[in-house]
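Here is the structure we will look at.
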Amino acid sequence: MKKNYKLTGKLRLCLLLAGLLLWQASAWAASVRGRVMSEKNDPLVGVNVIVKGTSTGTSTDGEGRFSLNVPDGGSTLIFSFIGYVSKEVPIGNESEINVQLVADTKILSEVVVVGYGTQRKSDITGSLSSISADQFKEQPVNRLDQVLQGRAAGVQVTNASGSPGGDVRIRIRGANSINGDNSPLYVVDGFVGADFNNINPDDIASLEVLKDASATAIYGSRGSNGVIIITTKTGKKGSMQVNFGARFSSSEILKRMDLLNAGDYAEMVNARAAATNSNPVFTQAQVDDYRRTGGTDWQDEILRKAGGQEYQLGVSGGNDKTTYLISANYLKQDGIINNSDFRRYSIRSNISSQVSDKFSVRLNFTGTRRENHNTSGTGARGSALGQAFAWAPTTPVYDATGNYTYRDPTGSIFENPLALTTDADYRTNRSIVNLIGGLRYEFIPGLALDVQYGVNYINQQDKSYAGPLISSYLPRAGRSSGEQVTLQNTNSLNYKKIFGKHSLDIIGVFETQKQIGESFYANATNLTYPAQSYNNLALAASNLIGSGYSKWSLMSYLGRINYAFNDRYLLSATIRRDGSSKFQGDNKWSVFPSVAAGWKVTEEAFMKSQNVFSNLKLRGSWGLTGNQAINPYGTLSSYITNVDDAGVAFTSGYFTNGITNGIVLGNPGNPDLKWETTEQVNVGMDAEILRGRVSLSVDYFVKNTRDLLLSQPLPAYIGGNNILKNIGEVQNRGWEFSVDADIIESKGFRWNSSINATFIKNKVVKLASASDTIFAATEFVMIPGQQMAAFWGLNYLGTWKANEADEAAIYKQKPGDAHYQDLNNDKVVDSKDYQVIGNGMPKTTLGWNNTFTYKGLSLNVFFQGVFGFDKLNYTYANGIVGSTDVRQPTFAAIKDRYIPGVNETSDIPAFSSAKENFYTQSTRFLERGDFLRMKNISLGYDIPKALVKNVAAIRVFVSGTNLLTFSKYKGIDPESTSNGVGDIVQNIDHASYPNSKTYTLGLNVTF
Amino acid sequence: MKKLAIIFLLIATAGCKDFLEEDPKGQVVGTNAISDIAGLESALTGSYKGLLRTWARGFLTSAIQGYGMGADDISTISGGNKADFREIDQLNVTSANPRLFQIWSGCYKTIQGANNIINNYQNVAGDPARINAIVGEAHFLRALGYYWLVRGYGNIPLITTADFSEDLLTIQKSAPAEVYKLIEADLQKAETLLPDKKRDPGRPNKGSAKAMLADVYLTEGGWPMKDVSKYPLAAAKAKEVIDNKDLYGFDLVPDLATLWSGSASATGTKEEVFAFQTSENFGGSTNSFYGLPAVPGDENGWDDYLAEITFFNNFPAGKRKDVTFHTVFTKPDGKKVPWQQSLAKHPYYAKFRLADNTKFTSSMPVHMIRYAHLLLVYAEAQARTDAAPNAQAYAAVNAVRKRAGLADLSGLSKTAFIDAIVDERAWEFAGEWNRWFDLLRLEKVAEANANKAADDLKPIGDISKSNYWYPAPIGDANINPNL
């Protein structure tokens, strides 16, 4: 009876919490509480506490405390924790039981997940960083990139777009591939190639970053970018545990650009007209009027404070045989730009059962829905933000009729910034289901067969609408529907055995994966009823439809042997043979081997007498990995068939709504394409000193990527486009350091600090094109000896000064005009004077995480630094040169320009018609992007148990994200870029969507 | 349980044989694409698309005006944001000029598509009349592309294949003589293959090919070929079309105002000996040099191009002048401003205004050869061929002048007549990618740029033959050092 009563009480609590209401305190059975500490008197977090012989149990909280209701008949508590010796304690009549657990020297610290298996951390010979849920529980993380950012050496995370749910670039040990995606491979619970966007960080139990070839070669053709293995939480044996969390946040733009006010703008426009032989645009009366009214502040119009909320509810538990975990999460984040938001709904259920001694089954189910609304694009000249920097402050938001002003008479030629936010409706809704089912059978102790099937299903629905004001009164709408199914089967046979001083672990795996994508779209232009938006595409002047299909498959055989002698000398070898549908003939198959060795120096007899190192291990590895950096059908010559690029009106659109669709020659195929191969060598050291208070890891690596799949641009005179080739070599080499130290541990106060730093040199070693120079974009060049993202442009020397009139005249210029270096000294500044002017790819990244705890209070301060890169600030360029689509300068800096006879020292060119003054691809707009940012600061408080009866733990926290940035960069955000997450073209800032400052208030309840 | 596990393993490994085969359904790949008439027709459409991809490349933006902006009829604003137009206007062109690249890449994309058809149509079986029409259009398009390129750039890569090969990356440039040889051969094939009637308003017929050939011959008579033997060929070829204008469906539009109405009535007219058609219903096929690009800043326009003052002042008054220029601007508040007091102090082109000038999208045609053009080709070529202009030459030019609201010409000497035709061409085709080509073939670039008004942009530096041809675009020159 007692038991039943308790359950209904808990269920009621669940329901109440789900409704975000107060709960009604209910009577609980008399309980046992206590605290679990380590030998060093550190609280142990997450220790399983089970009443022996029952399914009742709990785990310890952040302070190592637990409390538990003992059912009838319960007499003993079992405390178990990975890496520690389990302990049984009789309850007797005690109401408080404090326990100290002893580290299990045989297990020697924790087990970590490696590709297709697990390994004792102390036996690892490769380079690997582990992140556990504990490390980020202090911070309001809602996506995986925030978990990774700054926490693992060698991992670089860049929030390229600050839009909610926006693009993020994640790189492990730099970028190897020019054509391919350099994102790491994500493996979630054994499913290879998962999308990190779909992972709810609250579900992560542990995360391993595999960096060197010894660790990644087991992933063969997909391993060269590093691998991130995520293991999700499972239920623990014992009674049901409920966890609830809620977070509320408010975000705003990091800073605003200093734009001209309307009065200054009008005067500036007139001054420019006077300097270029045109009549004044504004009368003096108008100027005076603008001075009085101030005009329009377009940044104010489109920016806002944005709210966010997140709720998390998890239920887990289990009995002797079966465990379960069910968790649900809801996230809503508004964008700082008007009318944009992101929502995510996710649910997970992990169930596993030990059916018999030899046989176990498991099923992990995840459902995710992501809804993006007006968040697309990483910002661009035509975006609302871009236009807020372009529209004249003299132009009112509304015209005389009360509608948004349709055209800017003076400034931009593009659409009204506010209309761009309100008259647009772009939605992407993705529904993702991931199912992983597996079974494991142990033939004899140590020999087990594991069979796992995975299905990943993505349904993507896009809806778009551009209303009359932003479509030249040709309102258009579109719908598209896509479906992608990925099927994976993994069969592995594993044998583990210890013979005397020899320890052996062998695994053999056969795996297949295939992916089929299908899509369909329909667009309509000149809608009859614009208000119907994308909901009635038939009623329009013209329609187009299209569909697509794509498929690839991969088949693999792989194996690994781990061997240890005397627990001192470690050897690991892996091999994987991959076959891919994307290549032809003999190029389909390739082999990727690796070997690694380790030496636990502290295990040697001669080390026993020293007491500096409590642990010291040296390790080294070599291996090959690949990158399938091409899309399906990359070896074939395909035609372009979409209507915009291939359709022709043979009769004027005034007489027909139709169009004749054709086929346009696209990229020529190259049947000889083969895998990109990365050869990586790594040497490293792990050490612990001061009896484990300080631990240190150092790694040095060299990655050489050869047979680079490179999309070589073809000249326009043979039809343009690109051809894919295996040419060239790229090298990444660098150092990684990470230090973790308990700096202060006294009288309940603790300061733990961890720093990691990565130094990477990226270099194009060779290219095979005719001129050994490949232009990845107008602004980027690849030249052997330079890094991959080398900026290309003119070298700006300032303005021609008054005493340089004669020299300026040689260049058909005059003082005040822009003066560029004439590299070849041919007295003309032209394309032959372009040179490498900077580097877009950061060389150094730094993460510094500090946790201060005192009793129930904890303060976390986390810094991230990125150094050694340049940014091409086109936002500033566009705002100051007054060219093409932004007809007049808008930035206040224009007031400091060169003015003959008034200000002849300025390096901002004078108003003139000299074409050089309009060049933007030069050092004039290139800036250092280096920044150090306080990524997060949060203060948490565990409410004392005494105040919250019947609840295991309540924690509240406040947190600030991106509150401080130290950078000389003049744009809004040195981190965001307009080029998405590519590596070759990066760090151009053209009104990119900046990251925001965010304040979060949060609550976590466990019971 | 053990059995169960093994069964699972067996299922997993079954059916592996074709597992790694590519399955390119939904892709149009390789030469299979043009194995029948439908495929050939689609590839032909794709060839047109080379020149007709709005914003990306080709003739559908004011890049087409930019291509001839070095002439004395058209210019851009002196200050402000039009640096890339300005450098063309001031004969100070750089290889990075994006407007010129639009024309270069558009012509070559069309040429690539045409090469694909010309080299592969032999594999297609079907109605010979239809195949002839398709192949004829392909030859016509290739000739058109090279004709624009050779006049703008002079020495150019002469590409007759659609397939990529490494040697094309270092190909040498060909001299104009070789390019003109191919153009003539293509047009001669086109005139035999094309039908008498256009299949659609946006395609050529036999008469279109003949008319373009006549124009090519006339150009070859001047710089740089200076082959006067082409003048009689030009006259004869133009005459063939004029004498058969009803067969081909060509004539002058009686009222110039119709031709420049900026609306549906100006499209698909008999004046279109050859014109590309466009559709504002499709972003990639809309005509974007009408409307806002032609509108002055005073009227919230883009100021892409405007009329030069000396040219405007010398333009004979009359109906044509009224239709051609826009001289009084209406500000948003309703105030009227004469061009002299406007922001840019220039008259603008009325020809390229739309019914609704807040738009930059339209379905207006892109005239390549108007019937008036053909008449004037004939008149000039005949006069240059024979001792004196004949009656048909006078009739031709006077038909154009009559519509323009001008008096007939008569009794002129050979030279005076030719000069009158050149002027007539400048006026009739003001702003229409004609004048610059005339100045080149007649070697009059310096002369025409000598008499700029105070407020007109002036050339930067001295004018020589080095200003006649544009430098190869930087992107291509970066790849191929032989450009």
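Here, A, B, ... name the chains of the structure tokens in the order displayed, residue numbers run from 1 inside each chain, and ligands are numbered from 1 in the same displayed order.
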For Thr170 in chain B: contacts at 6 Å, only C-alpha atoms, fewer than 2 positions along chain excluded, given as a count of residues only: 3
Residue contacts of Asn270 in chain A (10 Å, only C-alpha atoms) excluding same-chain residues fewer than 6 positions away, as a PyMOL selection string: chain A and resi 264+276+278-284+287
Using only C-alpha atoms, determine which residues lie at most 12 Å from Asp123 in chain A, disregarding the query and same-chain residues fewer than 5 positions distant; provide the list as number ranges by chain. A: 107-114, 118, 128, 503-505, 562-572, 596-600, 616-619, 686
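Residue nearest Val188 in chain A, chosen from A:Arg169, A:Arg407, A:Arg440, A:Lys233 and counting only C-alpha atoms: A:Lys233.
Neighbours of Ile134 in chain B closer than or equal to 8 Å, with only C-alpha atoms counted and sequence neighbours fewer than 2 positions away skipped, come out as Leu40, Glu41, Leu44, Arg130, Ile131, Asn132, Gly136, Glu137, Ala138 and Leu194 of chain B.
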Prev. selection, N, CA and C atoms, output as a PDB file, in the first residue's frame:
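Printed below is result.pdb as written:
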```pdb
ATOM      1  N   LEU B  40      17.337  17.178 -78.200  1.00  0.00           N
ATOM      2  CA  LEU B  40      18.008  18.179 -79.035  1.00  0.00           C
ATOM      3  C   LEU B  40      17.360  19.551 -78.837  1.00  0.00           C
ATOM      4  N   GLU B  41      16.045  19.529 -78.809  1.00  0.00           N
ATOM      5  CA  GLU B  41      15.294  20.782 -78.614  1.00  0.00           C
ATOM      6  C   GLU B  41      15.611  21.394 -77.247  1.00  0.00           C
ATOM      7  N   LEU B  44      18.909  22.975 -77.306  1.00  0.00           N
ATOM      8  CA  LEU B  44      18.860  24.250 -78.027  1.00  0.00           C
ATOM      9  C   LEU B  44      18.345  25.348 -77.108  1.00  0.00           C
ATOM     10  N   ARG B 130      12.404  19.561 -88.731  1.00  0.00           N
ATOM     11  CA  ARG B 130      12.554  20.010 -87.349  1.00  0.00           C
ATOM     12  C   ARG B 130      14.032  20.050 -86.958  1.00  0.00           C
ATOM     13  N   ILE B 131      14.745  19.011 -87.372  1.00  0.00           N
ATOM     14  CA  ILE B 131      16.180  18.973 -87.042  1.00  0.00           C
ATOM     15  C   ILE B 131      16.908  20.118 -87.727  1.00  0.00           C
ATOM     16  N   ASN B 132      16.552  20.375 -88.992  1.00  0.00           N
ATOM     17  CA  ASN B 132      17.176  21.504 -89.694  1.00  0.00           C
ATOM     18  C   ASN B 132      16.944  22.818 -88.969  1.00  0.00           C
ATOM     19  N   GLY B 136      19.871  24.894 -87.513  1.00  0.00           N
ATOM     20  CA  GLY B 136      19.988  26.248 -88.067  1.00  0.00           C
ATOM     21  C   GLY B 136      20.039  27.288 -86.963  1.00  0.00           C
ATOM     22  N   GLU B 137      19.170  27.139 -85.986  1.00  0.00           N
ATOM     23  CA  GLU B 137      19.163  28.088 -84.870  1.00  0.00           C
ATOM     24  C   GLU B 137      20.483  28.023 -84.108  1.00  0.00           C
ATOM     25  N   ALA B 138      21.012  26.805 -83.966  1.00  0.00           N
ATOM     26  CA  ALA B 138      22.275  26.659 -83.240  1.00  0.00           C
ATOM     27  C   ALA B 138      23.406  27.388 -83.970  1.00  0.00           C
ATOM     28  N   LEU B 194      17.377  27.233 -91.787  1.00  0.00           N
ATOM     29  CA  LEU B 194      16.231  27.802 -91.056  1.00  0.00           C
ATOM     30  C   LEU B 194      14.993  27.895 -91.940  1.00  0.00           C
TER      31      LEU B 194
END
```
Can you tell me, as number ranges by chain, what residues are no more than 7 Å from Thr76 in chain A when counting only C-alpha atoms, ignoring any on the same chain fewer than 4 positions away? A: 51-52, 88-91
Residue selection dump (N, CA and C atoms) as a PDB file, in the first residue's frame:
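What follows is the written file selection.pdb:
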```
ATOM      1  N   VAL A  51      18.647   0.107  -3.232  1.00  0.00           N
ATOM      2  CA  VAL A  51      18.298  -0.741  -2.095  1.00  0.00           C
ATOM      3  C   VAL A  51      18.381  -2.182  -2.559  1.00  0.00           C
ATOM      4  N   LYS A  52      19.233  -2.939  -1.948  1.00  0.00           N
ATOM      5  CA  LYS A  52      19.523  -4.297  -2.416  1.00  0.00           C
ATOM      6  C   LYS A  52      18.255  -5.139  -2.502  1.00  0.00           C
ATOM      7  N   GLU A  88      28.634  -2.148  -0.156  1.00  0.00           N
ATOM      8  CA  GLU A  88      27.323  -2.439   0.421  1.00  0.00           C
ATOM      9  C   GLU A  88      27.321  -1.972   1.873  1.00  0.00           C
ATOM     10  N   VAL A  89      26.266  -1.250   2.238  1.00  0.00           N
ATOM     11  CA  VAL A  89      26.184  -0.719   3.603  1.00  0.00           C
ATOM     12  C   VAL A  89      24.828  -1.092   4.195  1.00  0.00           C
ATOM     13  N   PRO A  90      24.805  -1.761   5.339  1.00  0.00           N
ATOM     14  CA  PRO A  90      23.525  -2.078   5.979  1.00  0.00           C
ATOM     15  C   PRO A  90      22.850  -0.793   6.474  1.00  0.00           C
ATOM     16  N   ILE A  91      21.538  -0.748   6.360  1.00  0.00           N
ATOM     17  CA  ILE A  91      20.821   0.483   6.741  1.00  0.00           C
ATOM     18  C   ILE A  91      20.610   0.552   8.253  1.00  0.00           C
TER      19      ILE A  91
END
```
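Candidate residues A:Pro445, A:Pro409, A:Gly295, A:Gly73 were compared for distance to chain B, and the nearest is A:Pro409, using only C-alpha atoms.
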Report the residues of range 109-313 of chain A whose backbone DSSP state falls under strand (DSSP E or B), written as a ChimeraX atom specification. /A:111-114,117-120,128-132,155-158,169-172,185-188,191-192,204-210,227-232,238-253,259,303,306-313
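Near Phe140 in chain B, within 8 Å and counting only C-alpha atoms, sit Gly136, Leu144, Asp186, Leu187, Ala190, Pro204 and Ala209 of chain B, not including residues fewer than 4 positions from it in the same chain.
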Give me the residues near range 436-451 of chain B as a PyMOL selection string, where near means some atom within 9 Å (using only C-alpha atoms) and where sequence neighbours in that chain fewer than 3 positions away do not count. chain B and resi 67-73+151-152+219-226+310+422+425-426+433+458-459+462-465+467-468
In Å, how far is it from CA of Gly317 in chain A to CA of Asp189 in chain A? 19.2 Å
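Between CA of Arg57 in chain B and CA of Lys871 in chain A the interatomic distance comes to 29.0 Å.
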Report as a VMD selection string: the residues of range 261-404 of chain B with a DSSP assignment of helix (DSSP H, G or I), based on the backbone of this structure. chain B and resid 264 to 266 292 to 294 297 to 299 309 to 314 319 to 324 339 to 341 371 to 385 391 to 404
Grab the residues selected above and save them as a compact mmCIF listing (two decimals), in the first residue's frame with N, CA and C atoms.
```txt
# COMPACT_ATOMS: atom_id res chain seq x y z
N ALA B 264 3.23 45.60 -73.76
CA ALA B 264 3.07 44.44 -74.64
C ALA B 264 3.07 44.80 -76.12
N SER B 265 2.56 45.99 -76.47
CA SER B 265 2.46 46.34 -77.89
C SER B 265 3.83 46.45 -78.56
N ALA B 266 4.87 46.59 -77.75
CA ALA B 266 6.22 46.72 -78.31
C ALA B 266 6.90 45.38 -78.52
N LEU B 292 13.59 50.72 -64.01
CA LEU B 292 14.45 51.43 -63.05
C LEU B 292 15.88 51.72 -63.52
N PRO B 293 16.54 50.79 -64.22
CA PRO B 293 17.92 51.12 -64.63
C PRO B 293 17.98 52.36 -65.52
N ALA B 294 16.89 52.64 -66.25
CA ALA B 294 16.88 53.77 -67.18
C ALA B 294 16.34 55.04 -66.53
N GLY B 297 17.74 59.32 -60.91
CA GLY B 297 17.65 59.33 -59.46
C GLY B 297 16.56 60.24 -58.95
N ASP B 298 16.30 61.32 -59.70
CA ASP B 298 15.23 62.24 -59.29
C ASP B 298 13.89 61.53 -59.21
N GLU B 299 13.75 60.46 -59.98
CA GLU B 299 12.49 59.69 -59.97
C GLU B 299 12.69 58.34 -59.29
N ILE B 309 25.11 64.65 -73.50
CA ILE B 309 24.52 65.96 -73.79
C ILE B 309 24.81 66.41 -75.23
N THR B 310 26.05 66.27 -75.68
CA THR B 310 26.38 66.68 -77.05
C THR B 310 25.54 65.88 -78.04
N PHE B 311 25.46 64.60 -77.79
CA PHE B 311 24.68 63.72 -78.66
C PHE B 311 23.22 64.17 -78.69
N PHE B 312 22.70 64.47 -77.51
CA PHE B 312 21.31 64.90 -77.40
C PHE B 312 21.11 66.22 -78.16
N ASN B 313 22.06 67.14 -77.98
CA ASN B 313 21.92 68.45 -78.63
C ASN B 313 21.96 68.33 -80.14
N ASN B 314 22.78 67.41 -80.65
CA ASN B 314 22.91 67.26 -82.09
C ASN B 314 21.81 66.41 -82.71
N LYS B 319 9.69 63.73 -83.99
CA LYS B 319 9.01 62.64 -83.30
C LYS B 319 10.00 61.68 -82.62
N ARG B 320 11.06 61.33 -83.37
CA ARG B 320 11.99 60.35 -82.84
C ARG B 320 12.72 60.87 -81.61
N LYS B 321 13.07 62.16 -81.63
CA LYS B 321 13.76 62.72 -80.47
C LYS B 321 12.85 62.67 -79.25
N ASP B 322 11.57 62.97 -79.50
CA ASP B 322 10.61 62.96 -78.37
C ASP B 322 10.45 61.57 -77.78
N VAL B 323 10.46 60.59 -78.67
CA VAL B 323 10.25 59.21 -78.21
C VAL B 323 11.50 58.65 -77.55
N THR B 324 12.65 59.11 -78.04
CA THR B 324 13.92 58.54 -77.59
C THR B 324 14.32 59.02 -76.20
N TRP B 339 15.86 68.36 -67.26
CA TRP B 339 17.10 67.60 -67.07
C TRP B 339 18.27 68.47 -66.66
N GLN B 340 18.28 69.73 -67.16
CA GLN B 340 19.42 70.59 -66.84
C GLN B 340 19.54 70.83 -65.33
N GLN B 341 18.40 70.78 -64.64
CA GLN B 341 18.44 71.04 -63.21
C GLN B 341 18.37 69.74 -62.37
N TYR B 371 14.20 45.86 -88.24
CA TYR B 371 14.08 46.01 -89.70
C TYR B 371 14.74 47.32 -90.15
N ALA B 372 14.62 48.34 -89.30
CA ALA B 372 15.26 49.63 -89.63
C ALA B 372 16.76 49.44 -89.80
N HIS B 373 17.32 48.57 -88.98
CA HIS B 373 18.75 48.30 -89.04
C HIS B 373 19.10 47.69 -90.40
N LEU B 374 18.29 46.74 -90.80
CA LEU B 374 18.54 46.07 -92.07
C LEU B 374 18.50 47.09 -93.22
N LEU B 375 17.49 47.99 -93.17
CA LEU B 375 17.37 48.99 -94.22
C LEU B 375 18.63 49.85 -94.30
N LEU B 376 19.15 50.22 -93.14
CA LEU B 376 20.32 51.10 -93.14
C LEU B 376 21.59 50.34 -93.51
N VAL B 377 21.65 49.06 -93.19
CA VAL B 377 22.79 48.24 -93.65
C VAL B 377 22.79 48.24 -95.18
N TYR B 378 21.60 48.01 -95.71
CA TYR B 378 21.53 47.98 -97.17
C TYR B 378 21.99 49.31 -97.76
N ALA B 379 21.42 50.39 -97.21
CA ALA B 379 21.70 51.70 -97.79
C ALA B 379 23.20 52.00 -97.76
N GLU B 380 23.83 51.73 -96.63
CA GLU B 380 25.26 52.04 -96.52
C GLU B 380 26.09 51.13 -97.43
N ALA B 381 25.76 49.84 -97.40
CA ALA B 381 26.56 48.89 -98.17
C ALA B 381 26.43 49.15 -99.67
N GLN B 382 25.22 49.48 -100.07
CA GLN B 382 25.03 49.76 -101.50
C GLN B 382 25.84 51.00 -101.90
N ALA B 383 25.76 52.02 -101.08
CA ALA B 383 26.47 53.26 -101.40
C ALA B 383 27.97 53.02 -101.44
N ARG B 384 28.46 52.18 -100.52
CA ARG B 384 29.91 51.92 -100.50
C ARG B 384 30.33 51.04 -101.69
N THR B 385 29.39 50.23 -102.19
CA THR B 385 29.71 49.31 -103.28
C THR B 385 29.77 50.02 -104.61
N ALA B 391 18.33 54.30 -105.95
CA ALA B 391 16.99 54.68 -105.48
C ALA B 391 16.56 53.83 -104.31
N GLN B 392 16.90 52.55 -104.36
CA GLN B 392 16.45 51.67 -103.26
C GLN B 392 17.14 52.05 -101.96
N ALA B 393 18.40 52.50 -102.06
CA ALA B 393 19.12 52.96 -100.89
C ALA B 393 18.43 54.18 -100.29
N TYR B 394 18.09 55.14 -101.14
CA TYR B 394 17.35 56.31 -100.66
C TYR B 394 16.02 55.91 -100.03
N ALA B 395 15.35 54.98 -100.72
CA ALA B 395 14.04 54.54 -100.21
C ALA B 395 14.20 53.95 -98.82
N ALA B 396 15.28 53.17 -98.65
CA ALA B 396 15.50 52.51 -97.38
C ALA B 396 15.70 53.53 -96.26
N VAL B 397 16.65 54.46 -96.47
CA VAL B 397 16.93 55.42 -95.41
C VAL B 397 15.75 56.36 -95.20
N ASN B 398 15.08 56.72 -96.27
CA ASN B 398 13.97 57.66 -96.11
C ASN B 398 12.77 57.04 -95.41
N ALA B 399 12.64 55.72 -95.50
CA ALA B 399 11.56 55.06 -94.75
C ALA B 399 11.81 55.24 -93.25
N VAL B 400 13.08 55.11 -92.89
CA VAL B 400 13.43 55.27 -91.48
C VAL B 400 13.25 56.73 -91.05
N ARG B 401 13.70 57.64 -91.89
CA ARG B 401 13.61 59.08 -91.55
C ARG B 401 12.17 59.54 -91.48
N LYS B 402 11.36 59.00 -92.38
CA LYS B 402 9.96 59.42 -92.40
C LYS B 402 9.30 59.08 -91.06
N ARG B 403 9.54 57.88 -90.62
CA ARG B 403 8.96 57.46 -89.35
C ARG B 403 9.51 58.31 -88.19
N ALA B 404 10.74 58.78 -88.37
CA ALA B 404 11.37 59.58 -87.33
C ALA B 404 10.86 61.02 -87.33
```
Report the distance between CA of Gly840 in chain A and CA of Asn987 in chain A in Å, rounded to one decimal place. 5.6 Å
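Each of B:Thr192, B:Ser363, B:Ser35, B:Thr160 was compared to chain A using only C-alpha atoms, and B:Ser363 turns out to be the nearest.
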Quick one: of A:Val764, A:Met934, A:Ile743, A:Ala802, who's nearest to Glu904 in chain A, counting only C-alpha atoms? A:Ala802
